[in-house]
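Asker: I am attaching a structure below and will ask some questions about it afterwards.
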Amino acid sequence: MTMWIRQTHRWLSIAFTLAVIANIVAMIMQLDAAWIGFLALVPLVPLLATGLYLFALPYLGRRSAHGEARS
């Protein structure tokens, strides 16, 4: 499960980077398309969720390891 979340996080980061690049290009070309600005928010929400999970993973593993050692 963790490998699937890690792989999803990687692909979401690529999608987010491409959306930001598209937003920068649209700003340089002075296009008035607000939806391009919101395009980066689509992968950002699940990117936040998977990133927080991956950030907390070592701390959650440490807690369960200490709990097993004390029993």
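We name chains A, B, ... following the order of the structure tokens; residues begin at 1 in each chain, and ligands are numbered from 1 as shown.
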Neighbouring residues of A:Leu12 were defined as those with any atom within 9 Å, considering only C-alpha atoms; residues of the same chain fewer than 2 positions away were excluded. Please report them as a list in words.

Answerer: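 So the residues in contact are Gln7, Thr8, His9, Arg10, Ile14, Ala15, Phe16, Thr17, Pro43, Leu44, Pro46 and Leu47 of chain A.
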
Asker: For stretch 31-36 of chain A, list every protein, DNA or RNA residue within 8 Å, evaluated using only C-alpha atoms, and leave out those in the same chain fewer than 4 positions away; present the list as a list in words.

Answerer: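 These residues fall inside the cut-off: Ala19, Ala22, Asn23, Ala26, Met27 and Ala40 of chain A.
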
Asker: Could you list, as a PyMOL selection string, every residue within 12 Å of A:Trp4, counting only C-alpha atoms and ignoring same-chain residues fewer than 6 positions away?

Answerer: chain A and resi 10-11+50+54

Asker: Output the selection as a short mmCIF file (atom, residue, chain, number, x, y, z; two decimals), in the first residue's frame - all heavy atoms for each residue.

Answerer:
data_model
loop_
_atom_site.label_atom_id
_atom_site.label_comp_id
_atom_site.auth_asym_id
_atom_site.auth_seq_id
_atom_site.Cartn_x
_atom_site.Cartn_y
_atom_site.Cartn_z
N ARG A 10 4.40 10.63 -6.57
CA ARG A 10 5.36 11.03 -7.61
C ARG A 10 4.65 11.50 -8.87
O ARG A 10 5.01 12.52 -9.45
CB ARG A 10 6.29 9.86 -7.94
CG ARG A 10 7.28 9.58 -6.86
CD ARG A 10 8.16 8.40 -7.23
NE ARG A 10 9.06 8.08 -6.12
CZ ARG A 10 9.51 6.89 -5.87
NH1 ARG A 10 9.20 5.89 -6.65
NH2 ARG A 10 10.30 6.69 -4.84
N TRP A 11 3.64 10.76 -9.31
CA TRP A 11 2.92 11.14 -10.52
C TRP A 11 2.12 12.42 -10.31
O TRP A 11 2.00 13.25 -11.22
CB TRP A 11 2.02 10.00 -11.00
CG TRP A 11 2.79 8.94 -11.70
CD1 TRP A 11 3.11 7.71 -11.22
CD2 TRP A 11 3.37 9.03 -13.01
NE1 TRP A 11 3.85 7.02 -12.15
CE2 TRP A 11 4.03 7.81 -13.26
CE3 TRP A 11 3.41 10.02 -13.97
CZ2 TRP A 11 4.70 7.56 -14.44
CZ3 TRP A 11 4.08 9.77 -15.16
CH2 TRP A 11 4.71 8.55 -15.38
N THR A 50 -1.30 12.75 0.17
CA THR A 50 -0.28 11.70 0.11
C THR A 50 1.03 12.17 0.75
O THR A 50 1.73 11.38 1.38
CB THR A 50 -0.02 11.28 -1.35
OG1 THR A 50 0.35 12.42 -2.13
CG2 THR A 50 -1.24 10.61 -1.94
N LEU A 54 2.98 10.32 3.80
CA LEU A 54 4.38 9.90 3.70
C LEU A 54 5.24 10.58 4.75
O LEU A 54 6.21 10.00 5.24
CB LEU A 54 4.92 10.19 2.30
CG LEU A 54 4.31 9.33 1.18
CD1 LEU A 54 4.77 9.82 -0.17
CD2 LEU A 54 4.66 7.87 1.38
#
